[in-house]
Structure formats: structure tokens, C-alpha cells
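One structure is given below, encoded as C-alpha cells.
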Amino acid sequence: MSKQANHQLPNDAHPGHSEPTGGVAGLNETPRGERLHIAVFGRRNAGKSSLINAIANQEVAIISPTPGTTTDPVYKTMEILPIGPVVLIDTAGLDDEGILGSERVRRSLHVLDKTDLALLAVDAPEGWGSREDEIASLLTERQLPLVVALNKADTLDPDVTARIRAAVQNRFPPAIPVIPVSARTKAGIEALKSALIQAASPEEEEPSLLGDLVQAGDTVILVAPIDRSAPKGRLILPQVQAIRDLLDHHAQALTIQSEELPMALASLRNPPKLIITDSQAFQTVNALTPEEITLTSFSILFARYKGDLCELAAGAKAIERLRPGDRVLIAEACTHHRTDDDIGKVKIPAWLERKVEGKLSYTWVSGGTLPADLSEFQLVVHCGACMLNRRQMLARLHRITSAGVPVVNYGVSIAYLHGILPRTLSPFPDALRVIRS
Ligand SMILES: Nc1nc2c(ncn2[C@@H]2O[C@H](COP(=O)(O)OP(=O)(O)OP(=O)(O)O)[C@@H](O)[C@H]2O)c(=O)[nH]1
Ligand SMILES: [Mg+2]
């Protein structure tokens, strides 16, 4: 693969990978942000790694009789039919002790932010203790769908297992399945998978990327600049996902570069329902798009799909209050190769400084973690989060706003700084009201 082909830098969102292990989703694989994240929690030695291996039916995680074998979260992407593509996450025991132990517990708890479905592994011969109570309460407080596995059932008399099961079911809502299982003999693994499948059925539909904006037969123009930061030989994730979503809804996608926009508009018998542009081509596309045609950006679509568009719009308004010398955190969820005119490193900082007419003090973070103390920042500018799942992004936004700090993303901030946010929010009346209020 040539050096350029390896570039991970799209214009307003970044393919890459947010977790340290498990690899980057290939071009033909479902992106990790679209996969259901199933994480196993429990005490050390409960058989968490053994359960992951039994569910995956392969040796994904190391198992051993020594408590504390798993130190860092381990990620395994796989298909579980009929759920489809998932990420299984093994974690370190939540009862680990000492300085290193508490660091492992912190990392395990960090996994909670990205968990869609939790599996609590119980060492059945040890029984259900106060630690299990704590973990189960933590999971249910977060309203995470939960399945309890009473592991090592092979070592117990079935009557004993049944008694533990009844006791657990008395403490928690009957809706929480408690499955006796043996990761060693594989007895109960199919029942456990069925329980996971059932718990995974979403009660609330995730918002659609474009489904509520288009109807079958509509034409949507996608503006995808092919500049030197575009990856060689392919499109970036937000573009691919938009095309796929339009196909799902039987709409037509016409993908062009900005120079071709006048020609594309002239060639259509009816105006397009919508034009979606890369944030960095906003200005050109805005000038070329007639008033009556709705224009938005990939970043704004993903801000809604992956996060809270109203919160991000409120964050854009906070740019108005920024003063020279203020502290701004620029947070990217993945690590990617940066070019000289990188959007997060160079372009947005320059635009913000032009707006405040002075220097700002920047901190950059990339990868999974946000700084412990966010309250020292006057603004957080977050990337498009293409590699995060919705729960993960909402958890990050919640952390930032609960520290009293306004947050925008790249696309919303760029639109705001170029004075065209109202236009790009026009398909989303709630967010439009926020910036007009
Ligand atoms: N008898 C029996 N032993 C099991 C079962 N599942 C796991 N074990 C044993 O329990 C021990 C711990 O298993 P692990 O899978 O490493 O447990 P863990 O929860 O991942 O442990 P840590 O990573 O140390 O937190 C190993 O010796 C396993 O062989 C089971 O179903 N039956
Ligand atoms: Mg383990």
C-alpha cells in the first residue's frame, strides 16, 4: 500500500480506530461505530474471558486461574446472527486492588461509556455478593440492557445453581435474564446468546441518518471534494454511509465535486431534495446553491446521528462569548495521520482566532480519553465522531456539558464560523430554534 493510500484523513471526520486493540475495520467490514458493543463485566476470575471465548467460539482472550489475568479491555469484532455485527469487549475484574488494580478498574469502567449491552459474569460457586450488587446497580442505573451469566455451573449441583438464580431474580427486575452457563463445557452458551440477542433488540429506534429527510425517488447531491487529504482509491466513511442510507430509502445519490455542482443542477429535471456537502467546501457550495434548495453538511448529519444536534448548536452560540486568551479543547476520537493544513490542528484554530480577533490557548487530545478536569476550558470542539457509536458520543457530550462547558463539533463550528449555520440547520427545526433563541 502506498504512503498516500494509508492516509486516514478525510475532511471532516476520520476513519481510524478508537480502541487500542481489535484492528481497524477494513473497507468491506461494518465500521466499528455501527456495531453493537457487548461488554462483559464482573469480578476477577469469574470467567469473563472464558465467556468471551465461548461466545466467539475462538481463543480471543487469555484465560488463567490467576486472578487479574485480563489487564486492559480486549475488543473482538464478530457477527452474532441475528444481531449482526458486534464488538465483544472483555474487561479487567471490577474488584481489582492496589494502584495498578484501580487503574484497571478505571479502564474497565471507561468501557461502560461505549457499552450498548452488558454481560455480568458471576462466579457461581462463589455466589452473588455485594460486588455483584454494586456492578448490577451501576449497569441498571445507566439503563444498560443487562444479562447475567452464572458461570462455572458445571461445578455445581443444578439445585444450587437454581437457588442462586432465584435469589438474583428476587433482587432485580424479572426482565433481567439470569442464565446458568459453563464457559468450560459450553453448556448454556446457546441460551446465553439467545438472551443477549433478545436484550439487544432496541426499544428505541436510533435516529436515521437521512431516512426522515428523503422519500423514495428523491435525488440528493453529495459534494465530496477530492483533494490531497482524500484517501486514495476510496470514499470516506460519512460519504459511504450517506450513499448506503439513500439506497436503503430508495433515493438517488448523485456524488460530485463542488466544481460540478452547476452542471449537476442543470442536468436534473427537478431540483434535488437536498445537497449534502463536506464542511470544507461549504463556502463554495453555499454560493453555488440556489436559496430554495436545502443545503446541509455531512458533519451536521452525523452530529445529529451520533450525538445531540441541539447541544452542539448551543455550543456554537458559545463561540460568540469566547475572548482572546480563553482555553479551547480540541478533541478527536481517533488518532489519524495529520497533513500540514489539518482541520483540527490548523484550520479550525485559525478560524476561531479570526472570529475572536486574538490568540486562544489550545489543548489537543486524540483517542479515547478526555482530560479529567474539563472545567478549565471555555469551549470544547469535538470531531465528527465517525468511529464512535452513538452511546459513546452522547456519554462524551454529557461529560463535557455536565462540567459546565459548551461543546461544538467540527462541522457545526465551521458552519457557524462561516456564517452559514442557519442554512445548514434548516432541515432540523429544533436545532435552528436553539441558535435563534
Ligand atoms: N470449572 C469451570 N472453570 C471455569 C469456567 N470458566 C472459567 N473457568 C476457569 O476460571 C479461571 C478464570 O477464568 P478467566 O476466564 O481467566 O476469568 P476472568 O474473569 O477473565 O479473570 P480475570 O481476567 O483475571 O479477571 C480459569 O482457570 C478458567 O479455566 C467454567 O465454566 N467452569
Ligand atoms: Mg480475563
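Chain lettering (A, B, ...) mirrors the order of the C-alpha cells, residue numbering begins at 1 for each chain separately, and ligand numbering begins at 1 in order of display.
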Inset, instruction - Write out as a PyMOL selection string the residues lying within 8 Å of segment 70-78 of chain A, counting only C-alpha atoms and excluding same-chain residues fewer than 3 positions away. - result: chain A and resi 19+21-22+32+49+56+60-63+85-93+104+107-108+111
Inset, instruction - Around ligand 1, at most 10 Å away and counting only C-alpha atoms and all ligand atoms, which residues are there? Put them as JSON, numbers by chain, please. - result: {"A": [40, 41, 42, 43, 44, 45, 46, 47, 48, 49, 50, 51, 52, 53, 54, 61, 62, 63, 64, 65, 66, 67, 68, 69, 70, 71, 72, 73, 90, 91, 92, 93, 94, 95, 96, 121, 122, 123, 124, 125, 150, 151, 152, 153, 154, 155, 156, 180, 181, 182, 183, 184, 185, 186, 187, 188, 189]}
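The closest residue to Ala230 of chain A, picked from A:Asp116, A:Glu79, A:Glu34, A:Asp278 and counting only C-alpha atoms, is A:Asp278.
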With only C-alpha atoms as the counted atoms, please give the residues lying no more than 7 Å from Cys383 of chain A, apart from itself and same-chain residues fewer than 5 positions off, as a JSON list (two decimals) with N, CA and C atoms, in the first residue's frame.
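Saved result, out.json, follows:
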[["chain", "number", "residue", "atom", "x", "y", "z"],
["A", 13, "ALA", "N", -14.28, 14.21, 9.08],
["A", 13, "ALA", "CA", -14.48, 13.10, 10.01],
["A", 13, "ALA", "C", -13.38, 12.10, 9.68],
["A", 331, "ALA", "N", -10.93, 17.98, 20.67],
["A", 331, "ALA", "CA", -10.94, 16.54, 21.00],
["A", 331, "ALA", "C", -11.26, 15.71, 19.77],
["A", 332, "GLU", "N", -10.35, 14.82, 19.42],
["A", 332, "GLU", "CA", -10.59, 13.89, 18.33],
["A", 332, "GLU", "C", -10.69, 12.48, 18.90],
["A", 333, "ALA", "N", -11.66, 11.74, 18.40],
["A", 333, "ALA", "CA", -11.92, 10.41, 18.99],
["A", 333, "ALA", "C", -10.98, 9.35, 18.45],
["A", 409, "ASN", "N", -19.11, 20.53, 17.41],
["A", 409, "ASN", "CA", -18.26, 19.62, 16.65],
["A", 409, "ASN", "C", -17.67, 20.38, 15.46],
["A", 410, "TYR", "N", -16.82, 19.69, 14.71],
["A", 410, "TYR", "CA", -16.12, 20.36, 13.61],
["A", 410, "TYR", "C", -17.11, 21.01, 12.65]]
Legend entry - Residue with smallest distance to Tyr416 of chain A - pool A:Ser279, A:Val346, A:Phe428, A:Asn389, counting only C-alpha atoms: A:Ser279
Inset, instruction - Find the spatial neighbours of segment 297-300 of chain A, counting only C-alpha atoms, within a cut-off of 7 Å - ignore same-chain residues fewer than 2 positions away - and output them as a PyMOL selection string. - result: chain A and resi 12+238+276-279+302-304+384+411-412+424
Selection near Leu379 of chain A, 9 Å with only C-alpha atoms, sequence-local residues under 4 positions removed, as a PDB file with N, CA and C atoms, in the first residue's frame:
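Result went into selection.pdb, see below:
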ATOM      1  N   GLY A 315     -23.611  25.001  21.642  1.00  0.00           N
ATOM      2  CA  GLY A 315     -22.162  25.188  21.750  1.00  0.00           C
ATOM      3  C   GLY A 315     -21.667  26.212  20.736  1.00  0.00           C
ATOM      4  N   ALA A 318     -21.967  29.611  21.899  1.00  0.00           N
ATOM      5  CA  ALA A 318     -20.979  29.969  22.924  1.00  0.00           C
ATOM      6  C   ALA A 318     -19.706  30.529  22.297  1.00  0.00           C
ATOM      7  N   ILE A 319     -19.481  30.267  21.012  1.00  0.00           N
ATOM      8  CA  ILE A 319     -18.295  30.825  20.343  1.00  0.00           C
ATOM      9  C   ILE A 319     -18.357  32.357  20.409  1.00  0.00           C
ATOM     10  N   LEU A 322     -16.526  33.724  23.354  1.00  0.00           N
ATOM     11  CA  LEU A 322     -15.078  33.482  23.504  1.00  0.00           C
ATOM     12  C   LEU A 322     -14.310  34.796  23.445  1.00  0.00           C
ATOM     13  N   ASP A 326      -8.794  32.737  25.992  1.00  0.00           N
ATOM     14  CA  ASP A 326      -9.626  31.649  26.515  1.00  0.00           C
ATOM     15  C   ASP A 326      -9.042  30.294  26.115  1.00  0.00           C
ATOM     16  N   ARG A 327      -9.403  29.276  26.921  1.00  0.00           N
ATOM     17  CA  ARG A 327      -8.864  27.925  26.678  1.00  0.00           C
ATOM     18  C   ARG A 327      -9.864  27.074  25.898  1.00  0.00           C
ATOM     19  N   VAL A 328      -9.373  26.479  24.831  1.00  0.00           N
ATOM     20  CA  VAL A 328     -10.226  25.660  23.959  1.00  0.00           C
ATOM     21  C   VAL A 328      -9.622  24.261  23.866  1.00  0.00           C
ATOM     22  N   LEU A 329     -10.465  23.246  24.112  1.00  0.00           N
ATOM     23  CA  LEU A 329     -10.022  21.854  23.965  1.00  0.00           C
ATOM     24  C   LEU A 329     -10.501  21.329  22.618  1.00  0.00           C
ATOM     25  N   ILE A 330      -9.568  20.816  21.825  1.00  0.00           N
ATOM     26  CA  ILE A 330      -9.951  20.192  20.558  1.00  0.00           C
ATOM     27  C   ILE A 330      -9.805  18.689  20.720  1.00  0.00           C
ATOM     28  N   VAL A 405     -19.279  23.070  30.405  1.00  0.00           N
ATOM     29  CA  VAL A 405     -18.528  23.588  29.255  1.00  0.00           C
ATOM     30  C   VAL A 405     -19.340  23.365  27.971  1.00  0.00           C
ATOM     31  N   PRO A 406     -19.508  24.431  27.165  1.00  0.00           N
ATOM     32  CA  PRO A 406     -20.212  24.245  25.892  1.00  0.00           C
ATOM     33  C   PRO A 406     -19.372  23.425  24.912  1.00  0.00           C
ATOM     34  N   VAL A 407     -20.056  22.675  24.047  1.00  0.00           N
ATOM     35  CA  VAL A 407     -19.333  21.805  23.106  1.00  0.00           C
ATOM     36  C   VAL A 407     -19.936  21.928  21.705  1.00  0.00           C
ATOM     37  N   VAL A 408     -19.053  22.069  20.718  1.00  0.00           N
ATOM     38  CA  VAL A 408     -19.468  22.025  19.303  1.00  0.00           C
ATOM     39  C   VAL A 408     -18.700  20.903  18.625  1.00  0.00           C
TER      40      VAL A 408
END
Inset, instruction - Quick one: pick out all helix (DSSP H, G or I) residues within segment 147-392 of chain A from a backbone DSSP run and write them as a count of residues only. - result: 100
Inset, instruction - Between atom CA of Leu119 of chain A and atom CA of Ala385 of chain A, measure the distance and give it in Å to one decimal. - result: 25.6 Å
Inset, instruction - Could you check how far atom CA of Gly404 of chain A sits from atom CA of Glu141 of chain A, in Å to one decimal? - result: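 Taking atom CA of Gly404 of chain A and atom CA of Glu141 of chain A, their separation equals 22.4 Å.
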Inset, instruction - Once DSSP has gone over the backbone, tell me which residues of segment 152-316 of chain A are in strand (DSSP E), as a PyMOL selection string. - result: chain A and resi 178-180+219-223+252-256+274-277+295-297
Write out, as a compact mmCIF listing (two decimals), in the first residue's frame, the residues just selected, with all heavy atoms.
# COMPACT_ATOMS: atom_id res chain seq x y z
N VAL A 178 -31.18 -14.33 33.85
CA VAL A 178 -30.07 -14.92 34.61
C VAL A 178 -29.87 -16.33 34.07
O VAL A 178 -30.74 -17.19 34.20
CB VAL A 178 -30.40 -14.97 36.13
CG1 VAL A 178 -29.23 -15.55 36.91
CG2 VAL A 178 -30.75 -13.57 36.65
N ILE A 179 -28.72 -16.55 33.42
CA ILE A 179 -28.52 -17.79 32.68
C ILE A 179 -27.39 -18.62 33.31
O ILE A 179 -26.24 -18.17 33.31
CB ILE A 179 -28.15 -17.50 31.19
CG1 ILE A 179 -29.03 -16.39 30.60
CG2 ILE A 179 -28.16 -18.78 30.36
CD1 ILE A 179 -30.46 -16.79 30.37
N PRO A 180 -27.69 -19.82 33.83
CA PRO A 180 -26.61 -20.70 34.28
C PRO A 180 -25.84 -21.19 33.06
O PRO A 180 -26.45 -21.55 32.05
CB PRO A 180 -27.34 -21.87 34.95
CG PRO A 180 -28.78 -21.46 35.05
CD PRO A 180 -29.02 -20.43 34.01
N THR A 219 -33.88 12.87 -5.28
CA THR A 219 -32.45 12.91 -5.63
C THR A 219 -31.72 13.77 -4.61
O THR A 219 -32.20 14.84 -4.23
CB THR A 219 -32.26 13.54 -7.03
OG1 THR A 219 -32.97 12.75 -7.98
CG2 THR A 219 -30.79 13.60 -7.41
N VAL A 220 -30.59 13.28 -4.15
CA VAL A 220 -29.76 14.03 -3.21
C VAL A 220 -28.37 14.18 -3.83
O VAL A 220 -27.82 13.21 -4.34
CB VAL A 220 -29.66 13.30 -1.84
CG1 VAL A 220 -28.69 14.00 -0.90
CG2 VAL A 220 -31.04 13.21 -1.20
N ILE A 221 -27.85 15.41 -3.84
CA ILE A 221 -26.50 15.62 -4.36
C ILE A 221 -25.51 15.60 -3.20
O ILE A 221 -25.70 16.29 -2.18
CB ILE A 221 -26.40 16.96 -5.13
CG1 ILE A 221 -27.30 16.91 -6.37
CG2 ILE A 221 -24.95 17.25 -5.52
CD1 ILE A 221 -27.25 18.17 -7.23
N LEU A 222 -24.47 14.79 -3.34
CA LEU A 222 -23.43 14.72 -2.32
C LEU A 222 -22.17 15.38 -2.89
O LEU A 222 -21.72 15.00 -3.97
CB LEU A 222 -23.10 13.26 -1.96
CG LEU A 222 -24.27 12.35 -1.62
CD1 LEU A 222 -23.78 10.93 -1.37
CD2 LEU A 222 -24.99 12.85 -0.38
N VAL A 223 -21.64 16.36 -2.18
CA VAL A 223 -20.44 17.03 -2.66
C VAL A 223 -19.25 16.50 -1.87
O VAL A 223 -19.15 16.68 -0.65
CB VAL A 223 -20.53 18.56 -2.53
CG1 VAL A 223 -19.29 19.22 -3.11
CG2 VAL A 223 -21.80 19.08 -3.22
N GLN A 252 -32.02 8.65 -4.77
CA GLN A 252 -30.88 8.61 -5.68
C GLN A 252 -29.76 9.49 -5.14
O GLN A 252 -30.02 10.61 -4.72
CB GLN A 252 -31.27 9.15 -7.05
CG GLN A 252 -32.53 8.53 -7.61
CD GLN A 252 -32.87 9.10 -8.97
OE1 GLN A 252 -32.03 9.13 -9.86
NE2 GLN A 252 -34.09 9.56 -9.11
N ALA A 253 -28.55 8.99 -5.19
CA ALA A 253 -27.40 9.78 -4.73
C ALA A 253 -26.57 10.17 -5.95
O ALA A 253 -26.18 9.31 -6.74
CB ALA A 253 -26.56 8.96 -3.78
N LEU A 254 -26.36 11.46 -6.09
CA LEU A 254 -25.51 11.94 -7.19
C LEU A 254 -24.27 12.54 -6.53
O LEU A 254 -24.36 13.56 -5.85
CB LEU A 254 -26.29 13.00 -7.98
CG LEU A 254 -25.62 13.69 -9.15
CD1 LEU A 254 -25.08 12.67 -10.15
CD2 LEU A 254 -26.63 14.60 -9.86
N THR A 255 -23.13 11.86 -6.67
CA THR A 255 -21.93 12.28 -5.94
C THR A 255 -20.98 13.03 -6.87
O THR A 255 -20.59 12.50 -7.92
CB THR A 255 -21.22 11.04 -5.34
OG1 THR A 255 -22.19 10.28 -4.63
CG2 THR A 255 -20.11 11.44 -4.40
N ILE A 256 -20.63 14.25 -6.49
CA ILE A 256 -19.81 15.11 -7.36
C ILE A 256 -18.80 15.89 -6.53
O ILE A 256 -18.87 15.90 -5.31
CB ILE A 256 -20.71 16.15 -8.10
CG1 ILE A 256 -21.54 16.94 -7.06
CG2 ILE A 256 -21.61 15.49 -9.12
CD1 ILE A 256 -22.13 18.19 -7.61
N LEU A 274 -32.11 17.68 -1.52
CA LEU A 274 -31.13 18.11 -0.54
C LEU A 274 -29.74 18.07 -1.18
O LEU A 274 -29.49 17.22 -2.04
CB LEU A 274 -31.19 17.09 0.61
CG LEU A 274 -30.29 17.23 1.82
CD1 LEU A 274 -30.71 18.47 2.62
CD2 LEU A 274 -30.44 15.99 2.73
N ILE A 275 -28.89 19.00 -0.75
CA ILE A 275 -27.47 18.90 -1.11
C ILE A 275 -26.70 18.70 0.20
O ILE A 275 -26.93 19.42 1.17
CB ILE A 275 -26.96 20.15 -1.85
CG1 ILE A 275 -27.74 20.32 -3.18
CG2 ILE A 275 -25.46 20.07 -2.11
CD1 ILE A 275 -27.32 21.53 -4.00
N ILE A 276 -25.83 17.70 0.21
CA ILE A 276 -25.01 17.47 1.40
C ILE A 276 -23.56 17.69 0.99
O ILE A 276 -23.08 17.06 0.04
CB ILE A 276 -25.15 16.02 1.92
CG1 ILE A 276 -26.63 15.66 2.12
CG2 ILE A 276 -24.37 15.83 3.21
CD1 ILE A 276 -26.85 14.16 2.31
N THR A 277 -22.89 18.58 1.69
CA THR A 277 -21.50 18.87 1.30
C THR A 277 -20.52 18.57 2.43
O THR A 277 -20.89 18.59 3.61
CB THR A 277 -21.36 20.34 0.86
OG1 THR A 277 -20.00 20.57 0.49
CG2 THR A 277 -21.73 21.31 1.96
N LEU A 295 -29.62 22.92 1.95
CA LEU A 295 -28.20 22.55 1.97
C LEU A 295 -27.78 22.20 3.39
O LEU A 295 -28.10 22.93 4.33
CB LEU A 295 -27.35 23.74 1.47
CG LEU A 295 -25.84 23.66 1.66
CD1 LEU A 295 -25.24 22.52 0.85
CD2 LEU A 295 -25.18 24.99 1.25
N THR A 296 -27.11 21.08 3.55
CA THR A 296 -26.54 20.76 4.86
C THR A 296 -25.18 20.09 4.65
O THR A 296 -24.69 20.04 3.52
CB THR A 296 -27.51 19.90 5.71
OG1 THR A 296 -27.04 19.89 7.05
CG2 THR A 296 -27.64 18.48 5.21
N SER A 297 -24.57 19.62 5.74
CA SER A 297 -23.23 19.03 5.59
C SER A 297 -23.21 17.63 6.20
O SER A 297 -24.05 17.28 7.03
CB SER A 297 -22.20 19.88 6.30
OG SER A 297 -22.31 19.68 7.68
